[in-house]
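Structure below is model02.cif: mmCIF, C-alpha atoms.
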```
data_protein
loop_
_atom_site.label_atom_id
_atom_site.label_comp_id
_atom_site.auth_asym_id
_atom_site.auth_seq_id
_atom_site.Cartn_x
_atom_site.Cartn_y
_atom_site.Cartn_z
CA MET K 1 0.00 0.00 0.00
CA THR K 2 2.83 2.40 0.80
CA ASP K 3 4.26 1.89 -2.71
CA ASN K 4 0.89 2.85 -4.22
CA ILE K 5 0.71 6.00 -2.13
CA THR K 6 4.21 6.97 -3.18
CA THR K 7 3.43 6.28 -6.84
CA ILE K 8 0.25 8.37 -6.69
CA LYS K 9 1.98 11.27 -4.92
CA ASN K 10 4.89 11.20 -7.37
CA TYR K 11 2.52 11.26 -10.34
CA LEU K 12 0.54 14.16 -8.92
CA SER K 13 3.78 16.01 -8.20
CA ALA K 14 4.86 15.50 -11.82
CA LEU K 15 1.51 16.88 -13.01
CA THR K 16 2.08 19.97 -10.88
CA GLN K 17 5.52 20.47 -12.42
CA VAL K 18 4.00 20.41 -15.92
CA ILE K 19 1.35 22.94 -14.88
CA GLU K 20 4.10 25.28 -13.68
CA SER K 21 5.98 25.05 -17.00
CA PHE K 22 2.95 24.76 -19.30
CA PRO K 23 3.30 26.64 -22.64
CA VAL K 24 0.45 29.09 -21.96
CA LYS K 25 1.45 31.59 -24.66
CA GLU K 26 1.46 28.91 -27.35
CA LEU K 27 -1.97 27.69 -26.27
CA ALA K 28 -3.33 31.26 -26.34
CA GLU K 29 -2.07 31.61 -29.94
CA ILE K 30 -3.71 28.31 -30.91
CA THR K 31 -6.95 29.44 -29.28
CA LYS K 32 -6.94 32.63 -31.36
CA LEU K 33 -6.29 30.61 -34.50
CA LEU K 34 -9.31 28.40 -33.78
CA GLN K 35 -11.48 31.41 -32.95
CA ASP K 36 -10.52 32.89 -36.33
CA ALA K 37 -11.28 29.58 -38.05
CA ARG K 38 -14.77 29.69 -36.56
CA GLU K 39 -15.36 33.25 -37.76
CA ASN K 40 -14.01 32.45 -41.24
CA GLU K 41 -16.16 29.30 -41.39
CA SER K 42 -13.06 27.19 -41.93
CA THR K 43 -13.16 23.51 -41.08
CA ILE K 44 -11.07 22.09 -38.27
CA PHE K 45 -9.81 18.54 -38.80
CA VAL K 46 -8.45 16.46 -35.92
CA CYS K 47 -6.36 13.28 -35.97
CA GLY K 48 -4.30 11.21 -33.59
CA ASN K 49 -2.98 7.69 -33.24
CA GLY K 50 -3.84 5.25 -30.44
CA GLY K 51 -4.59 7.07 -27.19
CA SER K 52 -4.22 10.32 -29.12
CA TRP K 53 -7.11 9.23 -31.33
CA ALA K 54 -9.27 8.95 -28.22
CA THR K 55 -8.29 12.53 -27.38
CA ALA K 56 -8.97 13.63 -30.97
CA ALA K 57 -12.44 12.04 -30.93
CA HIS K 58 -13.20 13.69 -27.59
CA MET K 59 -12.04 17.03 -29.00
CA VAL K 60 -14.33 16.69 -32.02
CA CYS K 61 -17.26 16.07 -29.68
CA ASP K 62 -16.38 18.99 -27.42
CA PHE K 63 -15.79 21.45 -30.25
CA GLY K 64 -18.94 20.42 -32.09
CA LYS K 65 -21.32 20.32 -29.14
CA ASN K 66 -19.90 22.28 -26.23
CA THR K 67 -18.98 25.48 -28.09
CA ARG K 68 -22.42 26.26 -29.52
CA LEU K 69 -23.55 29.80 -28.80
CA SER K 70 -26.71 31.46 -30.06
CA ASP K 71 -24.83 34.60 -31.14
CA ARG K 72 -21.86 32.85 -32.83
CA LYS K 73 -21.19 30.69 -35.82
CA ARG K 74 -20.90 26.99 -35.14
CA ILE K 75 -17.53 25.34 -35.35
CA LYS K 76 -17.08 23.01 -38.30
CA VAL K 77 -15.05 20.08 -37.00
CA ILE K 78 -14.29 16.64 -38.46
CA GLY K 79 -12.45 13.70 -36.91
CA LEU K 80 -10.31 12.02 -39.55
CA GLY K 81 -10.57 8.62 -37.89
CA ASP K 82 -14.34 8.56 -37.47
CA ASN K 83 -15.08 6.58 -40.63
CA ILE K 84 -13.76 3.14 -39.69
CA PRO K 85 -14.53 1.45 -43.05
CA SER K 86 -12.62 4.20 -44.85
CA LEU K 87 -9.77 4.03 -42.34
CA THR K 88 -9.38 0.27 -42.74
CA ALA K 89 -9.63 0.48 -46.54
CA TYR K 90 -6.81 3.03 -46.69
CA ALA K 91 -4.78 1.02 -44.17
CA ASN K 92 -5.22 -2.19 -46.16
CA ASP K 93 -4.82 -0.79 -49.67
CA GLU K 94 -2.38 2.11 -49.23
CA GLY K 95 -0.75 1.63 -45.85
CA TYR K 96 -1.59 2.68 -42.31
CA ASP K 97 0.46 5.85 -42.70
CA ARG K 98 -2.14 7.18 -45.20
CA VAL K 99 -5.30 6.69 -43.07
CA PHE K 100 -5.59 10.40 -42.17
CA ALA K 101 -3.87 12.02 -45.16
CA GLU K 102 -6.16 10.53 -47.79
CA PRO K 103 -9.49 11.68 -46.30
CA LEU K 104 -7.87 15.05 -45.54
CA ILE K 105 -6.95 15.44 -49.22
CA ASN K 106 -10.61 14.80 -50.10
CA LEU K 107 -12.04 17.27 -47.60
CA MET K 108 -9.58 20.02 -46.67
CA GLY K 109 -9.34 23.35 -48.41
CA PRO K 110 -6.88 26.22 -48.14
CA GLY K 111 -7.38 28.06 -44.87
CA ASP K 112 -8.74 25.04 -43.03
CA VAL K 113 -6.98 23.83 -39.88
CA LEU K 114 -5.53 20.45 -38.89
CA ILE K 115 -4.97 19.56 -35.25
CA ALA K 116 -2.50 16.67 -35.23
CA ILE K 117 -2.04 14.83 -31.92
CA SER K 118 0.87 12.49 -31.23
CA GLY K 119 2.34 11.97 -27.79
CA SER K 120 5.72 11.05 -29.23
CA GLY K 121 5.48 13.41 -32.18
CA ASN K 122 6.55 10.56 -34.46
CA SER K 123 3.35 8.75 -35.51
CA PRO K 124 3.76 8.22 -39.28
CA ASN K 125 0.02 8.53 -40.03
CA VAL K 126 -0.17 11.85 -38.17
CA LEU K 127 2.97 13.16 -39.89
CA GLU K 128 1.55 12.23 -43.30
CA ALA K 129 -1.62 14.19 -42.49
CA VAL K 130 0.49 17.25 -41.67
CA LYS K 131 2.32 16.92 -44.99
CA ALA K 132 -1.01 16.72 -46.82
CA ALA K 133 -2.36 19.77 -44.98
CA LYS K 134 0.72 21.79 -45.99
CA GLU K 135 0.32 20.79 -49.64
CA ILE K 136 -3.33 21.88 -49.57
CA GLY K 137 -2.56 25.23 -47.92
CA GLY K 138 -4.05 24.45 -44.53
CA THR K 139 -2.72 25.52 -41.17
CA SER K 140 -1.40 22.83 -38.84
CA ILE K 141 -1.36 22.60 -35.05
CA GLY K 142 0.62 19.86 -33.33
CA LEU K 143 0.01 18.57 -29.82
CA THR K 144 2.92 16.46 -28.66
CA GLY K 145 5.25 15.81 -25.72
CA PHE K 146 8.77 14.63 -24.91
CA GLU K 147 11.02 16.79 -27.11
CA GLY K 148 8.28 17.23 -29.74
CA GLY K 149 9.42 14.55 -32.16
CA GLN K 150 9.24 15.27 -35.88
CA LEU K 151 5.81 16.83 -35.44
CA LYS K 152 7.20 19.85 -33.58
CA ASN K 153 9.16 21.05 -36.61
CA MET K 154 6.56 20.11 -39.22
CA VAL K 155 3.53 22.04 -37.92
CA ASP K 156 2.85 25.75 -38.03
CA HIS K 157 1.89 25.87 -34.34
CA PRO K 158 3.48 23.25 -32.04
CA LEU K 159 2.40 22.79 -28.44
CA VAL K 160 4.84 20.50 -26.64
CA ILE K 161 3.81 19.22 -23.23
CA PRO K 162 6.99 19.45 -21.12
CA SER K 163 7.07 15.87 -19.89
CA ASN K 164 8.72 12.54 -20.66
CA SER K 165 5.73 10.53 -19.39
CA MET K 166 3.26 9.41 -22.03
CA GLU K 167 0.51 9.25 -19.41
CA ILE K 168 1.09 12.85 -18.32
CA ILE K 169 1.36 14.01 -21.93
CA GLU K 170 -1.98 12.37 -22.73
CA ASP K 171 -3.52 13.86 -19.57
CA PHE K 172 -2.45 17.32 -20.67
CA HIS K 173 -3.68 16.84 -24.23
CA MET K 174 -7.13 16.34 -22.68
CA ILE K 175 -6.62 19.45 -20.56
CA VAL K 176 -5.71 21.33 -23.75
CA ASP K 177 -8.96 20.07 -25.32
CA HIS K 178 -10.98 21.33 -22.37
CA LEU K 179 -9.17 24.67 -22.19
CA LEU K 180 -9.76 25.23 -25.91
CA THR K 181 -13.41 24.27 -25.53
CA ILE K 182 -13.90 26.69 -22.64
CA CYS K 183 -12.20 29.52 -24.55
CA LEU K 184 -14.20 28.82 -27.69
CA ARG K 185 -17.40 28.90 -25.64
CA GLN K 186 -16.68 32.36 -24.16
#
```

With the file now loaded, output its structure as structure tokens.
Amino acid sequence: MTDNITTIKNYLSALTQVIESFPVKELAEITKLLQDARENESTIFVCGNGGSWATAAHMVCDFGKNTRLSDRKRIKVIGLGDNIPSLTAYANDEGYDRVFAEPLINLMGPGDVLIAISGSGNSPNVLEAVKAAKEIGGTSIGLTGFEGGQLKNMVDHPLVIPSNSMEIIEDFHMIVDHLLTICLRQ
């Protein structure tokens, strides 16, 4: 039992350290970008791999439902992993690294926004989506951790969670989702 208490306290202490060094300025810039996308009626696309897909799906739900205001335009948001038959067809026929890029090519236009989530910053399918967004003329946001991986240098707006723990990085990606949702609802 003592080991569990120590583990829990250490984890909570690590969360506190990330809060104290959280990249607030970068998140404020991303918030403004998404507010502008709403006003310009641009579409926001979201993708992520594994646990990051769970965060991406949650973000799509929050942006679509929890930001509705009677005096504001609705946010257009699409999760690139929502269509499982399409995802598995691309994975089978063209490779798993193309599962987000191919639907993005079909749907994204210049001025639209991609939020790419990868804890490591090195998920090939997420990186391919960022490449596709750049070719189309979209703006890219990257949520990552560790040192940022390849994603950090590929996106227009990186937000790197200052942690080397995947669990803490994923926790903070959800916090980012909720902070963005709250700001978009104001």

Given the point (2.3, 19.7, -35.8) in the file's coordinates, find the residues that have an atom at most 12 Å from it, counting only C-alpha atoms, and give them as a ChimeraX atom specification.
/K:30,46-48,113-123,126-134,138-145,148-160

Let's have the selection written as a CSV table (one decimal), in the coordinates of the input, with C-alpha atoms.
```csv
chain,number,residue,atom,x,y,z
K,30,ILE,CA,-3.7,28.3,-30.9
K,46,VAL,CA,-8.4,16.5,-35.9
K,47,CYS,CA,-6.4,13.3,-36.0
K,48,GLY,CA,-4.3,11.2,-33.6
K,113,VAL,CA,-7.0,23.8,-39.9
K,114,LEU,CA,-5.5,20.4,-38.9
K,115,ILE,CA,-5.0,19.6,-35.2
K,116,ALA,CA,-2.5,16.7,-35.2
K,117,ILE,CA,-2.0,14.8,-31.9
K,118,SER,CA,0.9,12.5,-31.2
K,119,GLY,CA,2.3,12.0,-27.8
K,120,SER,CA,5.7,11.0,-29.2
K,121,GLY,CA,5.5,13.4,-32.2
K,122,ASN,CA,6.6,10.6,-34.5
K,123,SER,CA,3.4,8.8,-35.5
K,126,VAL,CA,-0.2,11.8,-38.2
K,127,LEU,CA,3.0,13.2,-39.9
K,128,GLU,CA,1.6,12.2,-43.3
K,129,ALA,CA,-1.6,14.2,-42.5
K,130,VAL,CA,0.5,17.2,-41.7
K,131,LYS,CA,2.3,16.9,-45.0
K,132,ALA,CA,-1.0,16.7,-46.8
K,133,ALA,CA,-2.4,19.8,-45.0
K,134,LYS,CA,0.7,21.8,-46.0
K,138,GLY,CA,-4.0,24.4,-44.5
K,139,THR,CA,-2.7,25.5,-41.2
K,140,SER,CA,-1.4,22.8,-38.8
K,141,ILE,CA,-1.4,22.6,-35.0
K,142,GLY,CA,0.6,19.9,-33.3
K,143,LEU,CA,0.0,18.6,-29.8
K,144,THR,CA,2.9,16.5,-28.7
K,145,GLY,CA,5.2,15.8,-25.7
K,148,GLY,CA,8.3,17.2,-29.7
K,149,GLY,CA,9.4,14.6,-32.2
K,150,GLN,CA,9.2,15.3,-35.9
K,151,LEU,CA,5.8,16.8,-35.4
K,152,LYS,CA,7.2,19.8,-33.6
K,153,ASN,CA,9.2,21.0,-36.6
K,154,MET,CA,6.6,20.1,-39.2
K,155,VAL,CA,3.5,22.0,-37.9
K,156,ASP,CA,2.8,25.8,-38.0
K,157,HIS,CA,1.9,25.9,-34.3
K,158,PRO,CA,3.5,23.2,-32.0
K,159,LEU,CA,2.4,22.8,-28.4
K,160,VAL,CA,4.8,20.5,-26.6
```

Name the closest residue to Phe45 of chain K among the candidates K:Glu135, K:Glu102, K:Asp112, K:Glu94; distances are taken between atoms, counting all atoms listed in the file.
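Of the candidates, the smallest distance to Phe45 of chain K is held by K:Asp112.
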
Figure out the distance between atom CA of Gly79 of chain K and atom CA of Thr67 of chain K, please, to one decimal in Å.
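Computed distance, atom CA of Thr67 of chain K to atom CA of Gly79 of chain K, equals 16.1 Å.
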
Suppose a student applies the PyMOL selection byres ((chain K and resi 12-23) around 8) to this structure; what residues should they get, written as a count of residues only?
14

Contacts of Leu180 of chain K within 10 Å, all atoms listed in the file, excl. fewer than 4 positions in-chain, as an mmCIF file with C-alpha atoms, in the frame of the given file:
```cif
data_model
loop_
_atom_site.group_PDB
_atom_site.id
_atom_site.type_symbol
_atom_site.label_atom_id
_atom_site.label_comp_id
_atom_site.auth_asym_id
_atom_site.auth_seq_id
_atom_site.Cartn_x
_atom_site.Cartn_y
_atom_site.Cartn_z
ATOM 1 C CA LEU K 27 -1.970 27.690 -26.270
ATOM 2 C CA ALA K 28 -3.330 31.260 -26.340
ATOM 3 C CA ILE K 30 -3.710 28.310 -30.910
ATOM 4 C CA THR K 31 -6.950 29.440 -29.280
ATOM 5 C CA LYS K 32 -6.940 32.630 -31.360
ATOM 6 C CA LEU K 34 -9.310 28.400 -33.780
ATOM 7 C CA GLN K 35 -11.480 31.410 -32.950
ATOM 8 C CA MET K 59 -12.040 17.030 -29.000
ATOM 9 C CA ASP K 62 -16.380 18.990 -27.420
ATOM 10 C CA PHE K 63 -15.790 21.450 -30.250
ATOM 11 C CA THR K 67 -18.980 25.480 -28.090
ATOM 12 C CA MET K 174 -7.130 16.340 -22.680
ATOM 13 C CA ILE K 175 -6.620 19.450 -20.560
ATOM 14 C CA VAL K 176 -5.710 21.330 -23.750
ATOM 15 C CA LEU K 184 -14.200 28.820 -27.690
ATOM 16 C CA ARG K 185 -17.400 28.900 -25.640
#
```

Report the distance between atom CA of Asp97 of chain K and atom CA of Ala56 of chain K in Å, rounded to one decimal place.
16.9 Å

What separation in Å, quoted to one decimal, exists between atom CA of Leu33 of chain K and atom CA of Pro103 of chain K?
22.5 Å

Which one of K:Asn125, K:Asp82, K:Lys73, K:Asn40 sits closest to Val99 of chain K if you count all atoms listed in the file?
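Under the stated criterion, the closest residue is K:Asn125.
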
Using the file's own x, y and z axes, what box holds all listed atoms of segment 15-30 of chain K with 8 Å on each side, keeping edges along x, y and z, and what are its centre and edge lengths in Å to one decimal, as JSON?
```
{"center_x": 1.1, "center_y": 24.2, "center_z": -20.9, "size_x": 25.7, "size_y": 30.7, "size_z": 36.0}
```
